[in-house]
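File shown: final_13.txt. Contents: compact mmCIF, C-alpha atoms.
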```txt
# COMPACT_ATOMS: atom_id res chain seq x y z
CA MET A 1 -54.29 1.55 159.73
CA ILE A 2 -51.96 -1.24 160.79
CA ASN A 3 -53.04 -3.45 163.69
CA THR A 4 -50.13 -2.90 166.06
CA ILE A 5 -51.60 -4.69 169.09
CA ASN A 6 -50.61 -8.33 169.59
CA ASN A 7 -49.36 -8.54 166.05
CA VAL A 8 -45.98 -9.86 164.88
CA MET A 9 -44.65 -8.35 161.68
CA CYS A 10 -41.65 -9.79 159.88
CA GLY A 11 -39.46 -7.73 157.62
CA ASP A 12 -37.11 -4.80 157.52
CA CYS A 13 -38.18 -2.61 160.46
CA GLU A 14 -37.10 0.55 158.66
CA LEU A 15 -39.63 -0.18 155.89
CA ILE A 16 -42.40 -1.57 158.11
CA LEU A 17 -42.27 1.31 160.60
CA LYS A 18 -42.77 3.93 157.88
CA ASP A 19 -46.46 2.84 157.80
CA PHE A 20 -46.86 3.36 161.56
CA PRO A 21 -48.44 6.56 162.83
CA GLU A 22 -46.31 8.89 164.96
CA LYS A 23 -46.11 8.40 168.73
CA ILE A 24 -47.92 5.07 168.84
CA CYS A 25 -45.50 2.90 170.88
CA GLN A 26 -44.78 2.98 174.59
CA LEU A 27 -41.73 0.71 174.58
CA ILE A 28 -39.32 -0.40 171.89
CA PHE A 29 -36.90 -3.20 172.75
CA THR A 30 -34.53 -4.26 170.02
CA SER A 31 -31.58 -6.57 169.68
CA PRO A 32 -30.37 -5.89 166.14
CA VAL A 33 -27.77 -7.96 164.35
CA TYR A 34 -24.33 -7.10 165.60
CA ALA A 35 -21.53 -5.77 163.48
CA ASP A 36 -20.00 -8.50 161.34
CA ILE A 37 -16.46 -9.54 162.04
CA SER A 38 -16.50 -12.52 159.63
CA ASN A 39 -19.18 -14.31 161.69
CA LYS A 40 -22.28 -15.25 159.78
CA TYR A 41 -25.61 -15.88 161.39
CA THR A 42 -26.96 -19.40 160.96
CA ASP A 43 -29.16 -18.28 158.06
CA GLY A 44 -26.11 -16.88 156.23
CA TYR A 45 -26.96 -13.22 156.97
CA LYS A 46 -23.99 -10.95 157.60
CA GLY A 47 -24.44 -7.75 159.53
CA PRO A 48 -22.77 -4.52 158.44
CA SER A 49 -19.08 -4.07 159.19
CA PRO A 50 -18.23 -2.03 162.31
CA ASP A 51 -17.21 0.99 160.20
CA LYS A 52 -20.64 1.02 158.47
CA TYR A 53 -22.77 -0.11 161.42
CA CYS A 54 -23.81 3.31 162.75
CA ASP A 55 -24.83 4.57 159.31
CA TRP A 56 -26.88 1.39 158.89
CA MET A 57 -28.56 1.62 162.32
CA ILE A 58 -29.28 5.35 162.77
CA PRO A 59 -32.12 5.51 160.18
CA LYS A 60 -33.88 2.70 162.05
CA ILE A 61 -33.47 4.50 165.37
CA LYS A 62 -34.86 7.69 163.85
CA GLU A 63 -37.98 5.69 162.95
CA PHE A 64 -38.10 4.44 166.56
CA ALA A 65 -38.01 8.05 167.76
CA ARG A 66 -40.83 8.99 165.39
CA ILE A 67 -43.21 6.23 166.52
CA LEU A 68 -42.34 6.30 170.24
CA LYS A 69 -44.56 8.29 172.58
CA ASN A 70 -42.87 11.13 174.45
CA ASP A 71 -43.26 9.22 177.72
CA GLY A 72 -42.02 5.97 176.19
CA SER A 73 -38.61 4.34 176.27
CA PHE A 74 -36.31 2.51 173.90
CA VAL A 75 -33.96 -0.31 174.94
CA LEU A 76 -31.04 -1.32 172.74
CA ASN A 77 -29.47 -4.73 173.44
CA ILE A 78 -26.12 -4.89 171.65
CA ASP A 79 -22.72 -6.52 171.97
CA SER A 80 -19.25 -5.33 171.08
CA LYS A 81 -16.85 -7.22 168.83
CA VAL A 82 -13.13 -7.79 168.64
CA GLU A 83 -11.62 -6.67 165.36
CA LYS A 84 -7.98 -7.26 164.43
CA GLY A 85 -7.16 -8.10 168.03
CA PHE A 86 -8.78 -5.02 169.60
CA GLU A 87 -12.29 -4.30 170.76
CA SER A 88 -14.26 -2.30 168.24
CA ILE A 89 -15.81 0.92 169.50
CA TYR A 90 -18.81 0.82 167.15
CA VAL A 91 -21.20 0.35 170.10
CA TYR A 92 -19.94 3.51 171.78
CA GLU A 93 -20.07 5.41 168.50
CA LEU A 94 -23.66 4.27 168.03
CA VAL A 95 -24.75 5.41 171.49
CA THR A 96 -23.05 8.78 170.95
CA ARG A 97 -24.73 9.25 167.58
CA ILE A 98 -28.13 8.25 168.96
CA VAL A 99 -27.89 11.02 171.57
CA LYS A 100 -26.49 13.58 169.13
CA GLU A 101 -28.68 12.81 166.10
CA THR A 102 -32.04 11.92 167.62
CA GLU A 103 -34.23 13.20 170.42
CA PHE A 104 -33.24 10.25 172.62
CA LYS A 105 -31.26 10.77 175.80
CA LEU A 106 -29.30 7.97 177.47
CA TRP A 107 -31.13 7.19 180.71
CA ASP A 108 -29.33 4.09 181.96
CA THR A 109 -26.93 1.33 181.01
CA LEU A 110 -27.64 -2.20 182.12
CA PHE A 111 -25.68 -5.37 181.52
CA TRP A 112 -27.03 -8.77 180.56
CA SER A 113 -24.75 -11.33 182.16
CA LYS A 114 -24.11 -14.31 179.91
CA LEU A 115 -22.94 -17.03 182.27
CA LYS A 116 -22.07 -19.69 179.70
CA GLY A 117 -18.91 -19.92 177.68
CA LEU A 118 -15.23 -20.63 178.08
CA PRO A 119 -12.56 -17.96 178.53
CA LEU A 120 -10.26 -17.26 175.61
CA GLN A 121 -6.54 -18.00 175.78
CA ASN A 122 -5.26 -14.52 174.98
CA ARG A 123 -7.79 -12.10 176.51
CA PHE A 124 -10.55 -11.76 179.06
CA TRP A 125 -13.85 -12.73 177.56
CA ASN A 126 -16.64 -10.21 177.76
CA LYS A 127 -19.54 -12.17 179.22
CA VAL A 128 -22.01 -9.29 179.18
CA GLU A 129 -24.08 -7.50 176.58
CA PHE A 130 -25.16 -3.90 176.86
CA LEU A 131 -28.75 -2.85 177.45
CA PHE A 132 -28.84 0.88 176.79
CA VAL A 133 -32.07 2.52 177.95
CA PHE A 134 -33.06 5.71 176.12
CA ALA A 135 -35.92 8.13 176.75
CA LYS A 136 -37.10 11.33 175.10
CA GLU A 137 -37.87 13.18 178.31
CA LYS A 138 -37.78 12.88 182.10
CA GLY A 139 -40.77 11.26 183.66
CA PHE A 140 -41.19 8.53 181.08
CA LYS A 141 -43.22 5.54 182.26
CA PHE A 142 -41.00 3.32 184.37
CA ASN A 143 -42.02 1.07 187.25
CA ILE A 144 -38.97 0.09 189.30
CA ASN A 145 -41.15 -2.11 191.51
CA LYS A 146 -41.57 -4.59 188.66
CA PHE A 147 -37.81 -5.20 188.82
CA ARG A 148 -37.30 -5.30 192.57
CA THR A 149 -36.98 -8.46 194.61
CA GLU A 150 -37.39 -8.88 198.33
CA TYR A 151 -34.34 -8.63 200.55
CA SER A 152 -33.03 -11.94 201.83
CA PRO A 153 -33.24 -12.61 205.58
CA VAL A 154 -29.43 -12.40 205.74
CA SER A 155 -29.50 -8.89 204.23
CA ILE A 156 -32.27 -7.78 206.61
CA ASN A 157 -30.27 -8.96 209.62
CA ARG A 158 -27.15 -7.23 208.31
CA MET A 159 -29.08 -3.94 208.03
CA LYS A 160 -30.01 -4.13 211.73
CA SER A 161 -26.37 -3.72 212.71
CA PRO A 162 -25.07 -0.15 212.84
CA ILE A 163 -22.36 0.86 210.41
CA LYS A 164 -18.98 0.93 212.11
CA PHE A 165 -16.53 3.65 211.14
CA LYS A 166 -12.79 3.44 211.78
CA LYS A 167 -11.41 6.27 213.86
```
Just dump the structure as structure tokens.
Amino acid sequence: MINTINNVMCGDCELILKDFPEKICQLIFTSPVYADISNKYTDGYKGPSPDKYCDWMIPKIKEFARILKNDGSFVLNIDSKVEKGFESIYVYELVTRIVKETEFKLWDTLFWSKLKGLPLQNRFWNKVEFLFVFAKEKGFKFNINKFRTEYSPVSINRMKSPIKFKK
């Protein structure tokens, strides 16, 4: 049996996860390499091309589904790419295939705001990355209170005023 508590394992997740028992994980959060549009990672690794990305990623996600508990969740952090002047739709294809080919259902879509960077000259620059949250069933473990912050005094005062409707 693999020690899966407080243990970091390096390697190809598709191979490593095959040794995991079924339904052992509560949460899977992954930020896989993005599709390669001629950009190499600093170690020289190139991700799959956008047209091959989904076929490369789906077997890994099927392993995630196998090892995830029914009341667990899976978060996919991924970014889109521009290819030949247009935004590639590989991210949307991947999300569609995840829902169609696995037992995961899309629960929510969040956005990670990347505040740094300069705009491009010929297009708006996407300064967000997707965080797609998947679950197998309703009622998975989720504690919204861990994410909430207190209202500011300004917001509390604003809520004391009645809403005014135009007649």
Using all atoms listed in the file, which residues sit within 9 Å of Val128 of chain A once same-chain residues fewer than 6 positions away are excluded, as a count of residues only? 6
Measuring between all atoms listed in the file, which one of A:Ser49, A:Pro162, A:Met57, A:Arg66 shows the shortest distance to Asp19 of chain A? A:Arg66
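Proximity ranking of A:Val33, A:Met159, A:Leu94, A:Ala65 relative to Asp12 of chain A places A:Val33 first, based on only C-alpha atoms.
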Kindly extract all protein, DNA and RNA residues lying within 12 Å of the coordinates (-49.2, 9.4, 163.2) given in the file, considering only C-alpha atoms, and supply them as a ChimeraX atom specification. /A:1-2,17-25,63,66-69
Tell me, as a list in words, which residues lie within 9 Å of segment 81-92 of chain A, counting only C-alpha atoms; anything in the same chain fewer than 2 positions away does not count.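 Once the nearby chain positions are removed, what remains is Tyr34, Ala35, Asp36, Ile37, Pro50, Asp51, Lys52, Tyr53, Cys54, Ile78, Asp79, Leu94, Val95, Thr96, Arg97 and Phe130 of chain A.
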Would you mind reading off the distance between atom CA of Cys10 of chain A and atom CA of Glu93 of chain A, one decimal, in Å?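 Distance reported for this atom pair: 27.8 Å.
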In Å, with one decimal, what is the gap from atom CA of Cys13 of chain A to atom CA of Lys60 of chain A? 7.0 Å
Kindly provide, as a list in words, the polymer residues lying within 6 Å of (-31.8, 8.5, 166.2), counting only C-alpha atoms and using the coordinates exactly as they appear in the file.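 Result, sorted by chain then residue number: Ile58, Ile61, Lys62, Ile98, Glu101 and Thr102 of chain A.
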For Glu103 of chain A, which of A:Ile16, A:Val8, A:Ile144, A:Ala135 is the closest residue, counting only C-alpha atoms?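 Closest to Glu103 of chain A, using only C-alpha atoms: A:Ala135.
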In Å to one decimal, how far is atom CA of Glu129 of chain A from atom CA of Asn77 of chain A?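 Pair atom CA of Asn77 of chain A / atom CA of Glu129 of chain A returns 6.8 Å.
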Set the distance at 6 Å and use all atoms listed in the file: which residues neighbour Phe132 of chain A once local chain neighbours fewer than 5 positions away are removed? I'd like the list as number ranges by chain. A: 75-76, 109
File dump, residues just selected, C-alpha atoms, as a PDB file, keeping the file's coordinate frame:
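Final file, result-v8.pdb:
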```pdb
ATOM      1  CA  VAL A  75     -33.960  -0.310 174.940  1.00  0.00           C
ATOM      2  CA  LEU A  76     -31.040  -1.320 172.740  1.00  0.00           C
ATOM      3  CA  THR A 109     -26.930   1.330 181.010  1.00  0.00           C
TER       4      THR A 109
END
```
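Among the candidates A:Asp71, A:Leu110, A:Glu14, A:Thr30, the one nearest to Trp56 of chain A when counting only C-alpha atoms is A:Glu14.
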Once 3 Å is added on each side, what centre and edge lengths in Å to one decimal does the axis-aligned box around all listed atoms of segment 103-110 of chain A have, as lines of an AutoDock Vina configuration file?
```
center_x = -30.6
center_y = 5.5
center_z = 176.3
size_x = 13.3
size_y = 21.4
size_z = 17.7
```
Considering only C-alpha atoms, can you say which of A:Met9, A:Leu15, A:Ile156, A:Leu106 comes closest to Leu131 of chain A?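 Among the listed residues, the smallest separation from Leu131 of chain A belongs to A:Leu106.
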